[in-house]
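Okay, work29.cif is below, mmCIF, C-alpha atoms and all ligand atoms:
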```cif
data_work
#
loop_
_atom_site.label_atom_id
_atom_site.label_comp_id
_atom_site.auth_asym_id
_atom_site.auth_seq_id
_atom_site.Cartn_x
_atom_site.Cartn_y
_atom_site.Cartn_z
CA MET A 1226 0.00 0.00 0.00
CA ARG A 1227 2.90 2.36 0.69
CA GLN A 1228 3.88 2.09 -2.99
CA ARG A 1229 0.34 2.97 -3.97
CA VAL A 1230 0.50 6.04 -1.68
CA ASP A 1231 3.81 7.06 -3.30
CA ALA A 1232 2.35 6.58 -6.78
CA LEU A 1233 -0.52 8.89 -5.82
CA GLY A 1234 2.03 11.59 -4.96
CA LEU A 1235 1.21 11.38 -1.23
CA GLY A 1236 4.54 9.84 -0.11
CA ASP A 1237 5.60 13.11 1.56
CA ILE A 1238 2.40 13.10 3.65
CA ALA A 1239 3.00 9.48 4.70
CA ASP A 1240 6.56 10.47 5.67
CA LYS A 1241 5.29 13.38 7.74
CA LEU A 1242 2.83 11.10 9.54
CA ASP A 1243 5.62 8.59 10.23
CA ALA A 1244 7.75 11.40 11.65
CA ARG A 1245 4.75 12.69 13.70
CA GLU A 1246 4.91 15.99 11.84
CA ARG A 1247 1.81 18.10 11.43
CA LEU A 1248 -0.14 18.23 8.21
CA SER A 1249 -0.74 21.64 6.64
CA LEU A 1250 -3.83 23.15 5.03
CA GLU A 1251 -2.44 22.20 1.65
CA ASP A 1252 -1.78 18.59 2.77
CA GLY A 1253 -5.36 18.31 3.99
CA VAL A 1254 -6.71 19.58 0.66
CA ARG A 1255 -4.52 17.12 -1.26
CA LEU A 1256 -5.93 14.29 0.88
CA PHE A 1257 -9.47 15.41 0.02
CA GLU A 1258 -8.50 15.36 -3.67
CA CYS A 1259 -6.95 11.89 -3.52
CA PRO A 1260 -8.93 9.68 -5.93
CA ASP A 1261 -7.93 6.48 -4.14
CA LEU A 1262 -10.22 6.10 -1.14
CA LEU A 1263 -8.58 2.88 0.03
CA ALA A 1264 -5.12 4.47 0.12
CA LEU A 1265 -6.56 7.33 2.17
CA GLY A 1266 -8.25 4.83 4.47
CA TRP A 1267 -4.98 2.94 4.89
CA LEU A 1268 -3.22 6.12 6.02
CA ALA A 1269 -6.04 7.05 8.43
CA ASN A 1270 -6.28 3.51 9.80
CA ARG A 1271 -2.57 3.55 10.67
CA GLU A 1272 -3.15 6.66 12.78
CA ARG A 1273 -6.24 5.15 14.37
CA GLU A 1274 -4.44 1.93 15.28
CA LYS A 1275 -1.39 3.80 16.64
CA ARG A 1276 -3.72 5.49 19.13
CA HIS A 1277 -6.39 2.87 19.85
CA GLY A 1278 -5.44 -0.47 18.24
CA GLY A 1279 -8.76 -2.13 17.33
CA ARG A 1280 -10.66 -0.62 20.28
CA THR A 1281 -13.95 1.02 19.38
CA TYR A 1282 -15.77 3.07 21.98
CA TYR A 1283 -19.47 3.56 22.59
CA ASN A 1284 -21.48 5.03 25.42
CA PHE A 1285 -24.69 4.02 27.20
CA ASN A 1286 -26.48 7.36 26.85
CA ILE A 1287 -29.77 9.09 26.16
CA ARG A 1288 -30.48 12.16 24.07
CA LEU A 1289 -32.95 14.85 25.07
CA GLU A 1290 -34.15 17.83 23.07
CA ALA A 1291 -36.29 19.73 25.59
CA THR A 1292 -37.62 22.32 23.13
CA ASN A 1293 -37.52 22.89 19.38
CA VAL A 1294 -38.55 26.54 19.63
CA CYS A 1295 -35.58 28.40 18.18
CA VAL A 1296 -35.03 32.02 17.18
CA ALA A 1297 -32.14 31.13 14.85
CA SER A 1298 -32.83 30.45 11.18
CA CYS A 1299 -30.11 27.96 10.15
CA LEU A 1300 -30.86 26.89 6.58
CA PHE A 1301 -29.89 23.25 7.21
CA CYS A 1302 -32.16 22.74 10.22
CA SER A 1303 -35.37 20.70 10.00
CA PHE A 1304 -35.91 20.58 13.76
CA ALA A 1305 -36.47 24.21 14.78
CA ARG A 1306 -39.83 26.00 14.99
CA LEU A 1307 -39.67 29.76 15.25
CA LYS A 1308 -42.26 30.53 17.90
CA PRO A 1309 -44.01 28.76 20.74
CA GLY A 1310 -47.39 27.71 19.33
CA ASP A 1311 -46.13 27.26 15.74
CA PRO A 1312 -47.33 23.92 14.29
CA GLY A 1313 -45.00 21.16 15.44
CA SER A 1314 -43.38 23.24 18.17
CA TYR A 1315 -42.96 21.79 21.65
CA THR A 1316 -41.39 22.70 24.97
CA MET A 1317 -41.23 20.08 27.71
CA SER A 1318 -42.07 20.92 31.29
CA LEU A 1319 -39.24 20.22 33.75
CA GLU A 1320 -41.20 17.21 35.04
CA GLN A 1321 -41.34 15.85 31.48
CA THR A 1322 -37.56 16.22 31.07
CA TRP A 1323 -36.96 14.47 34.39
CA ASP A 1324 -39.41 11.70 33.42
CA LYS A 1325 -37.11 10.87 30.49
CA LEU A 1326 -34.51 9.87 33.06
CA ARG A 1327 -36.93 8.29 35.54
CA GLU A 1328 -38.27 6.07 32.72
CA ARG A 1329 -34.75 4.66 32.29
CA ALA A 1330 -34.21 3.80 35.97
CA HIS A 1331 -33.51 0.16 34.97
CA GLN A 1332 -30.71 1.10 32.53
CA PRO A 1333 -27.05 1.56 33.59
CA LEU A 1334 -26.81 4.86 31.67
CA THR A 1335 -23.75 7.02 32.20
CA GLU A 1336 -24.64 10.13 30.17
CA ILE A 1337 -27.48 12.44 29.15
CA HIS A 1338 -26.81 14.58 26.09
CA VAL A 1339 -29.12 17.62 25.97
CA VAL A 1340 -29.42 19.99 22.98
CA ASN A 1341 -32.21 22.53 22.59
CA GLY A 1342 -33.52 25.21 20.29
CA LEU A 1343 -32.79 28.81 21.29
CA HIS A 1344 -36.05 29.55 23.13
CA PRO A 1345 -36.64 33.29 23.65
CA ASP A 1346 -39.00 33.12 26.68
CA LEU A 1347 -37.75 30.51 29.13
CA PRO A 1348 -36.04 31.70 32.34
CA PHE A 1349 -32.43 30.71 33.01
CA GLU A 1350 -33.71 28.69 35.99
CA TYR A 1351 -35.41 26.30 33.54
CA TYR A 1352 -31.95 25.07 32.56
CA THR A 1353 -30.29 25.15 35.99
CA GLU A 1354 -33.28 23.37 37.58
CA MET A 1355 -33.29 20.79 34.78
CA LEU A 1356 -29.67 19.92 35.58
CA ARG A 1357 -30.26 19.89 39.36
CA GLY A 1358 -33.25 17.58 38.87
CA PHE A 1359 -31.23 15.15 36.74
CA LYS A 1360 -28.51 14.94 39.38
CA GLN A 1361 -31.09 14.44 42.12
CA ILE A 1362 -32.69 11.56 40.23
CA ARG A 1363 -29.33 10.03 39.35
CA PRO A 1364 -26.36 11.59 41.16
CA GLY A 1365 -23.73 9.65 39.16
CA ILE A 1366 -24.97 10.62 35.68
CA HIS A 1367 -22.73 12.77 33.45
CA LEU A 1368 -24.52 15.84 32.07
CA LYS A 1369 -23.24 16.71 28.59
CA CYS A 1370 -25.56 19.60 27.83
CA PHE A 1371 -25.95 22.77 25.75
CA THR A 1372 -23.87 23.62 22.70
CA ALA A 1373 -21.63 26.69 22.70
CA VAL A 1374 -24.34 28.33 20.58
CA GLU A 1375 -26.83 27.86 23.42
CA ILE A 1376 -24.32 29.17 25.96
CA ALA A 1377 -23.80 32.35 23.86
CA PHE A 1378 -27.58 32.74 23.51
CA PHE A 1379 -28.11 32.42 27.28
CA ALA A 1380 -25.40 35.02 27.93
CA ASP A 1381 -27.03 37.53 25.57
CA LEU A 1382 -30.59 36.80 26.71
CA TYR A 1383 -29.98 36.85 30.45
CA GLY A 1384 -27.33 39.62 30.45
CA MET A 1385 -24.40 37.53 31.66
CA SER A 1386 -20.91 36.85 30.35
CA ASP A 1387 -20.27 33.50 28.64
CA GLU A 1388 -18.08 32.53 31.61
CA GLN A 1389 -20.79 33.42 34.14
CA VAL A 1390 -23.30 31.23 32.27
CA LEU A 1391 -20.85 28.33 32.22
CA ARG A 1392 -20.03 28.74 35.93
CA GLU A 1393 -23.70 28.82 36.93
CA LEU A 1394 -24.55 25.79 34.82
CA GLN A 1395 -21.50 23.97 36.20
CA ALA A 1396 -22.65 24.77 39.75
CA ALA A 1397 -26.04 23.25 38.83
CA GLY A 1398 -24.41 20.03 37.63
CA LEU A 1399 -23.15 20.57 34.06
CA ASP A 1400 -20.17 18.26 33.43
CA SER A 1401 -19.22 18.85 29.78
CA LEU A 1402 -20.30 20.48 26.52
CA PRO A 1403 -21.36 18.62 23.37
CA GLY A 1404 -19.83 19.71 20.07
CA GLY A 1405 -22.93 20.89 18.20
CA GLY A 1406 -23.26 24.28 16.56
CA ALA A 1407 -19.79 24.36 15.00
CA GLU A 1408 -21.10 23.76 11.45
CA ILE A 1409 -18.25 25.21 9.33
CA PHE A 1410 -16.08 27.84 10.98
CA ALA A 1411 -15.35 29.78 7.74
CA GLU A 1412 -17.22 33.08 7.93
CA ARG A 1413 -18.26 32.88 4.24
CA VAL A 1414 -20.25 29.71 4.93
CA ARG A 1415 -21.63 30.84 8.29
CA ARG A 1416 -22.97 34.04 6.73
CA LYS A 1417 -24.94 31.95 4.24
CA ILE A 1418 -26.20 29.01 6.30
CA CYS A 1419 -26.43 30.25 9.90
CA HIS A 1420 -25.94 34.01 9.93
CA ASP A 1421 -27.91 34.76 13.11
CA LYS A 1422 -26.22 32.54 15.64
CA CYS A 1423 -22.91 32.75 17.50
CA GLY A 1424 -19.85 33.08 15.25
CA SER A 1425 -16.82 30.78 15.11
CA ASP A 1426 -14.53 32.85 17.33
CA ARG A 1427 -17.12 32.94 20.08
CA TYR A 1428 -17.90 29.21 19.65
CA LEU A 1429 -14.21 28.42 20.11
CA ASP A 1430 -13.83 30.89 22.96
CA ILE A 1431 -16.72 29.30 24.87
CA HIS A 1432 -15.01 25.91 24.53
CA ARG A 1433 -11.74 27.54 25.65
CA THR A 1434 -13.50 28.90 28.76
CA ALA A 1435 -15.23 25.57 29.46
CA HIS A 1436 -11.85 23.81 29.27
CA ARG A 1437 -10.34 26.38 31.65
CA LEU A 1438 -13.19 25.71 34.10
CA GLY A 1439 -12.28 22.01 34.04
CA MET A 1440 -14.90 20.76 31.61
CA ARG A 1441 -14.20 18.61 28.54
CA SER A 1442 -16.03 19.03 25.24
CA ASN A 1443 -16.39 17.80 21.67
CA VAL A 1444 -16.26 19.64 18.37
CA THR A 1445 -18.36 18.85 15.29
CA MET A 1446 -18.21 19.73 11.57
CA LEU A 1447 -21.29 19.78 9.35
CA TYR A 1448 -20.18 18.69 5.87
CA GLY A 1449 -21.71 17.99 2.50
CA HIS A 1450 -23.47 21.28 1.75
CA ILE A 1451 -21.85 24.45 0.33
CA GLU A 1452 -18.43 24.21 1.97
CA THR A 1453 -15.20 23.79 -0.02
CA LYS A 1454 -12.39 21.35 0.72
CA GLU A 1455 -10.25 24.27 1.92
CA GLU A 1456 -12.99 25.35 4.31
CA ARG A 1457 -13.23 21.84 5.76
CA VAL A 1458 -9.49 21.72 6.43
CA ASP A 1459 -9.53 25.29 7.77
CA HIS A 1460 -12.27 24.16 10.19
CA MET A 1461 -10.10 21.29 11.38
CA LEU A 1462 -7.08 23.56 11.79
CA ARG A 1463 -9.04 26.04 13.94
CA ALA A 1464 -10.10 23.15 16.22
CA ARG A 1465 -6.51 21.83 16.25
CA ALA A 1466 -5.14 25.24 17.26
CA LEU A 1467 -7.50 25.49 20.23
CA GLN A 1468 -6.65 21.94 21.22
CA ASP A 1469 -2.95 22.92 21.27
CA GLU A 1470 -3.87 25.61 23.80
CA THR A 1471 -6.21 23.68 26.10
CA GLY A 1472 -6.20 19.92 25.39
CA GLY A 1473 -9.90 19.91 26.34
CA PHE A 1474 -11.48 18.40 23.22
CA GLN A 1475 -12.15 14.69 23.47
CA ALA A 1476 -13.66 13.91 20.08
CA PHE A 1477 -14.05 15.38 16.61
CA ILE A 1478 -17.39 14.49 15.04
CA PRO A 1479 -18.03 15.05 11.32
CA LEU A 1480 -21.79 15.33 10.75
CA ALA A 1481 -23.22 14.49 7.31
CA PHE A 1482 -25.74 17.04 6.04
CA HIS A 1483 -29.29 15.62 5.76
CA PRO A 1484 -31.40 17.53 3.22
CA ASP A 1485 -35.04 16.59 4.01
CA ASN A 1486 -37.49 19.23 5.26
CA ASN A 1487 -35.11 22.18 5.38
CA GLN A 1488 -34.23 25.18 3.24
CA MET A 1489 -31.24 23.45 1.63
CA ARG A 1490 -33.33 20.47 0.46
CA LYS A 1491 -32.26 20.92 -3.17
CA LEU A 1492 -28.74 19.75 -2.26
CA PRO A 1493 -28.01 16.03 -2.42
CA ALA A 1494 -26.93 14.24 0.76
CA PRO A 1495 -23.20 13.42 0.84
CA SER A 1496 -22.34 9.95 -0.43
CA ALA A 1497 -20.98 7.09 1.68
CA THR A 1498 -17.57 7.52 0.03
CA GLU A 1499 -17.53 11.22 0.94
CA THR A 1500 -18.41 10.31 4.52
CA LEU A 1501 -15.49 7.86 4.71
CA ARG A 1502 -13.19 10.45 3.17
CA VAL A 1503 -14.16 13.19 5.67
CA HIS A 1504 -13.65 10.90 8.67
CA ALA A 1505 -10.28 9.71 7.29
CA VAL A 1506 -8.95 13.23 6.63
CA SER A 1507 -10.15 14.31 10.10
CA ARG A 1508 -8.06 11.55 11.71
CA LEU A 1509 -5.01 12.58 9.68
CA VAL A 1510 -5.21 16.35 10.21
CA LEU A 1511 -6.33 16.33 13.86
CA ASP A 1512 -3.20 14.83 15.37
CA ASN A 1513 -4.00 16.19 18.84
CA ILE A 1514 -7.67 15.25 19.32
CA PRO A 1515 -7.78 11.72 20.73
CA HIS A 1516 -11.01 10.42 19.19
CA VAL A 1517 -12.80 10.65 15.84
CA LYS A 1518 -16.46 9.77 16.21
CA ALA A 1519 -18.88 8.54 13.54
CA PHE A 1520 -22.36 9.46 14.76
CA TRP A 1521 -24.12 6.32 13.49
CA ILE A 1522 -27.51 8.06 13.46
CA ALA A 1523 -26.11 10.43 10.80
CA THR A 1524 -23.82 8.11 8.81
CA GLY A 1525 -26.05 5.04 8.84
CA VAL A 1526 -25.01 1.87 10.66
CA GLU A 1527 -23.23 0.18 7.75
CA VAL A 1528 -21.16 3.24 6.83
CA ALA A 1529 -20.28 3.66 10.53
CA GLN A 1530 -18.97 0.07 10.49
CA LEU A 1531 -16.82 0.80 7.44
CA ALA A 1532 -15.61 4.04 9.02
CA LEU A 1533 -13.98 1.94 11.76
CA TRP A 1534 -11.33 1.19 9.08
CA PHE A 1535 -11.12 4.84 7.96
CA GLY A 1536 -9.88 6.55 11.12
CA VAL A 1537 -12.92 6.27 13.40
CA ASP A 1538 -12.66 4.78 16.91
CA ASP A 1539 -15.95 5.94 18.48
CA LEU A 1540 -19.62 5.45 17.59
CA ASP A 1541 -21.34 7.74 20.14
CA GLY A 1542 -23.85 5.48 21.86
CA THR A 1543 -27.30 4.09 22.40
CA VAL A 1544 -28.92 7.56 21.88
CA GLN A 1545 -32.44 6.12 22.41
CA GLU A 1546 -34.43 9.11 21.07
CA GLU A 1547 -33.25 11.50 18.38
CA LYS A 1548 -35.11 14.28 16.61
CA ILE A 1549 -32.66 16.54 14.76
CA TYR A 1550 -31.59 13.93 12.18
CA HIS A 1551 -34.88 12.07 11.95
CA MET A 1552 -36.75 15.29 11.13
CA ALA A 1553 -34.09 15.85 8.42
CA GLY A 1554 -34.69 12.46 6.80
CA ALA A 1555 -32.38 10.01 8.62
CA ARG A 1556 -33.52 6.44 8.05
CA THR A 1557 -31.44 4.93 10.84
CA PRO A 1558 -33.20 3.59 13.94
CA GLU A 1559 -33.57 6.13 16.76
CA ALA A 1560 -32.02 3.84 19.35
CA MET A 1561 -29.64 0.96 19.64
CA THR A 1562 -29.13 -1.44 22.54
CA THR A 1563 -25.63 -1.90 23.94
CA SER A 1564 -25.67 -5.55 22.86
CA ALA A 1565 -26.50 -4.52 19.27
CA ILE A 1566 -23.70 -1.92 19.27
CA ARG A 1567 -21.19 -4.45 20.61
CA ARG A 1568 -22.24 -6.93 17.95
CA LEU A 1569 -22.00 -4.46 15.06
CA ILE A 1570 -18.50 -3.46 16.20
CA ARG A 1571 -17.47 -7.10 16.60
CA VAL A 1572 -18.71 -8.14 13.15
CA ALA A 1573 -16.87 -5.17 11.63
CA GLY A 1574 -13.67 -6.73 12.98
CA ARG A 1575 -13.10 -4.35 15.90
CA GLU A 1576 -13.15 -4.62 19.72
CA PRO A 1577 -16.12 -3.01 21.50
CA VAL A 1578 -15.38 -0.96 24.62
CA GLU A 1579 -18.16 0.71 26.57
CA ARG A 1580 -16.88 4.03 27.92
CA ASP A 1581 -18.26 6.80 30.06
CA THR A 1582 -18.21 10.37 28.73
CA LEU A 1583 -14.60 10.87 29.87
CA TYR A 1584 -13.47 7.63 28.17
CA ASN A 1585 -13.07 5.61 31.38
CA VAL A 1586 -13.73 1.97 30.48
CA VAL A 1587 -17.11 0.68 31.71
CA ILE A 1588 -17.13 -2.70 29.91
CA GLY A 1589 -13.93 -3.90 28.26
CA PRO A 1590 -13.53 -5.75 24.95
CA ASP A 1591 -13.25 -9.17 26.59
CA ALA A 1592 -16.67 -9.12 28.24
CA PRO A 1593 -19.07 -11.63 26.66
CA ASP A 1594 -21.51 -10.07 24.20
CA GLU A 1595 -25.15 -10.81 24.87
CA ALA A 1596 -27.42 -11.67 21.95
CA PRO A 1597 -28.50 -8.37 20.37
CA ALA A 1598 -31.77 -7.21 21.92
CA LEU A 1599 -34.12 -4.73 20.30
CA VAL A 1600 -35.24 -3.15 23.57
CA GLN A 1601 -32.97 -2.39 26.50
O1 LIG B 1701 -25.23 21.50 15.59
C1 LIG B 1701 -28.67 20.04 12.33
C2 LIG B 1701 -26.38 19.28 13.10
C3 LIG B 1701 -25.91 19.19 15.30
C4 LIG B 1701 -28.80 18.97 10.47
O2 LIG B 1701 -20.92 16.20 21.02
C5 LIG B 1701 -27.61 18.64 11.09
O3 LIG B 1701 -21.00 14.05 21.25
C6 LIG B 1701 -27.08 17.25 9.37
O4 LIG B 1701 -23.92 18.26 17.58
N1 LIG B 1701 -28.20 17.54 8.70
C7 LIG B 1701 -26.40 18.63 16.62
N2 LIG B 1701 -26.75 17.79 10.56
C8 LIG B 1701 -25.87 17.22 16.84
C9 LIG B 1701 -24.51 17.23 17.47
C10 LIG B 1701 -23.87 16.02 17.99
C11 LIG B 1701 -24.21 14.78 17.50
C12 LIG B 1701 -23.58 13.65 18.03
C13 LIG B 1701 -22.67 13.76 19.04
C14 LIG B 1701 -22.34 15.00 19.55
C15 LIG B 1701 -21.36 15.11 20.67
C16 LIG B 1701 -22.92 16.15 19.01
O5 LIG B 1701 -26.64 18.57 14.27
C17 LIG B 1701 -26.13 20.65 15.00
C18 LIG B 1701 -25.93 20.66 13.49
O6 LIG B 1701 -24.58 20.76 13.18
N3 LIG B 1701 -27.55 19.33 12.22
N4 LIG B 1701 -29.47 19.83 11.26
C19 LIG B 1701 -29.09 18.39 9.18
N5 LIG B 1701 -30.20 18.70 8.50
#
```
Is it possible to give me this structure as structure tokens?
Amino acid sequence: MRQRVDALGLGDIADKLDARERLSLEDGVRLFECPDLLALGWLANREREKRHGGRTYYNFNIRLEATNVCVASCLFCSFARLKPGDPGSYTMSLEQTWDKLRERAHQPLTEIHVVNGLHPDLPFEYYTEMLRGFKQIRPGIHLKCFTAVEIAFFADLYGMSDEQVLRELQAAGLDSLPGGGAEIFAERVRRKICHDKCGSDRYLDIHRTAHRLGMRSNVTMLYGHIETKEERVDHMLRARALQDETGGFQAFIPLAFHPDNNQMRKLPAPSATETLRVHAVSRLVLDNIPHVKAFWIATGVEVAQLALWFGVDDLDGTVQEEKIYHMAGARTPEAMTTSAIRRLIRVAGREPVERDTLYNVVIGPDAPDEAPALVQ
């Protein structure tokens, strides 16, 4: 395969990777242009195996979207409704959000991932009380809640600094931030697809502050719409630069654009080969972010399995209820049991490891896999 990489004119990139040298913007673009997907996968898989061997992580988690009322008008979004009372809009009461956790009392969950629309009328206490309630119901649960975009919105709405918002949420039980809202950092793209929400510098600065306050976070990239190859690599380099400063990112998560029911519906969804390519280049460019995650809800289960040979070492988790992708046309199931995840990793030729949010091992690769169950 090394000869094939040389013949493609990528020998210098393979040498850099061997010497643990950083790839540049131009290297990243050349990787995106490489016509040989298997050669690219081979390079990315070497980096994956250097870090993680065959281990593939997943998490026993639930997803909660407490409201879809959102004042932002992102063109790619199929989930948001502008105003309370608009058809299809909903806002859960605090009791309803807590019920989502109470209903799962029998499950050994380790994480709740909460993402919401930007609701203009809820008090800040709605969010702090939500977190306090979750911790009261289940003191050990990890709360990965609110994207940097939500944090910026809270700061503007409630007249606080970004740091004050983070501190108050942390005092109420917030443990880490999810990576949503990053989209593409390039201002050209942001102006077109999500002009009225927090910009890239502020997104990154909120993660910087969260890291300083002792929280970990993830960073995402929405691909397959109007962005160029250069803008994808630029996005990765901005995340890499912050990671050099703080070391607080745990995972990079490329998110495939889903075109149903939104204002960009004329665009085709990215192909499976493009998805493998984006995950592979992410692994190669992001030398300092430990994990590259394929969100199986977005990629589809089979492509997620393939991605385990194209740089990916993490599949998110059981999820159990998902709205953002399913309202945008995802045909994946909304939930997966841990036994089904272990099995799909095993049959893809990798070793399943259940992790908590901070990548502590919960169930190692040698544990026996139960027969896949449809309901947990
Ligand atoms: O920020 C919205 C994306 C994100 C669409 O941190 C869309 O562990 C594709 O961030 N097509 C929310 N994508 C989901 C998210 C996430 C997912 C998994 C794991 C983690 C993590 C975070 O979903 C949004 C936006 O980028 N999104 N609409 C769409 N039509």
Computed interatomic separation between atom C1 of ligand LIG 1701 (chain B) and CA of Lys1417 (chain A) (Å):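 Separation of atom C1 of ligand LIG 1701 (chain B) and CA of Lys1417 (chain A): 14.9 Å.
For the set A:His1551, A:Arg1508, A:Lys1325, A:Arg1568, the residue with the smallest atom-to-atom gap to ligand LIG 1701 (chain B) is A:His1551, counting only C-alpha atoms and all ligand atoms.
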A:Ser1318, A:Ser1303, A:Gln1361, A:Gln1530 ranked by distance to ligand LIG 1701 (chain B), top pick (using all atoms listed in the file):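 The closest residue to ligand LIG 1701 (chain B) is A:Ser1303.
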Go through A:Val1374, A:Leu1429, A:Leu1399, A:Val1390 one by one, measure the shortest atom-to-atom distance of each to ligand LIG 1701 (chain B) using all atoms listed in the file, and give the residue with the smallest value.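 Comparing A:Val1374, A:Leu1429, A:Leu1399, A:Val1390 against ligand LIG 1701 (chain B), the winner is A:Val1374.
Counting only C-alpha atoms and all ligand atoms, the residue from A:Glu1375, A:Asp1459, A:Glu1452, A:Asp1426 that sits nearest to ligand LIG 1701 (chain B) is A:Glu1375.
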Name the residues, by chain letter and number, that sit within 6 Å of ligand LIG 1701 (chain B) using all atoms listed in the file, and give them as a list in words. Phe1301, Cys1302, Ser1303, Pro1403, Gly1404, Gly1405, Gly1406, Glu1408, Asn1443, Leu1447, Leu1480, Ala1481, Phe1482, His1483, Pro1484, Phe1520, Ile1549, Tyr1550 and Ala1553 of chain A
Rank nothing, just name the residue among A:Leu1467, A:Lys1369, A:Val1296, A:Gly1342 nearest to Asp1421 (chain A), using only C-alpha atoms. A:Val1296
Need to verify the contact set: Glu1455 (chain A), 9 Å, only C-alpha atoms, exclusion of same-chain residues closer than 5 positions in sequence. Can you return it as a list in words? Leu1250, Glu1251, Gly1253, Val1254 and His1460 of chain A
Interatomic distance (Å, one decimal) between CA of Leu1300 (chain A) and CA of Ala1411 (chain A):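 Here the two named atoms are 15.8 Å from each other.
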May I have the residues within 12 Å of Val1572 (chain A) as a PyMOL selection string, using all atoms listed in the file and disregarding those fewer than 3 positions away in the same chain? chain A and resi 1527+1530-1531+1533+1565-1569+1575-1577+1594
Find, counting only C-alpha atoms, the residue in A:Gly1384, A:Pro1558, A:Gly1310, A:Gly1472 that gets nearest to His1432 (chain A).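 Result for the nearest residue to His1432 (chain A): A:Gly1472.
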Asp1237 (chain A): which residues within 12 Å, counting all atoms listed in the file, same-chain residues fewer than 5 positions away excluded, as number ranges by chain? A: 1227, 1230-1232, 1242-1244, 1246-1249, 1252, 1255-1256
Just the number, please: distance in Å from CA of Val1528 (chain A) to CA of Thr1563 (chain A), one decimal. 18.4 Å
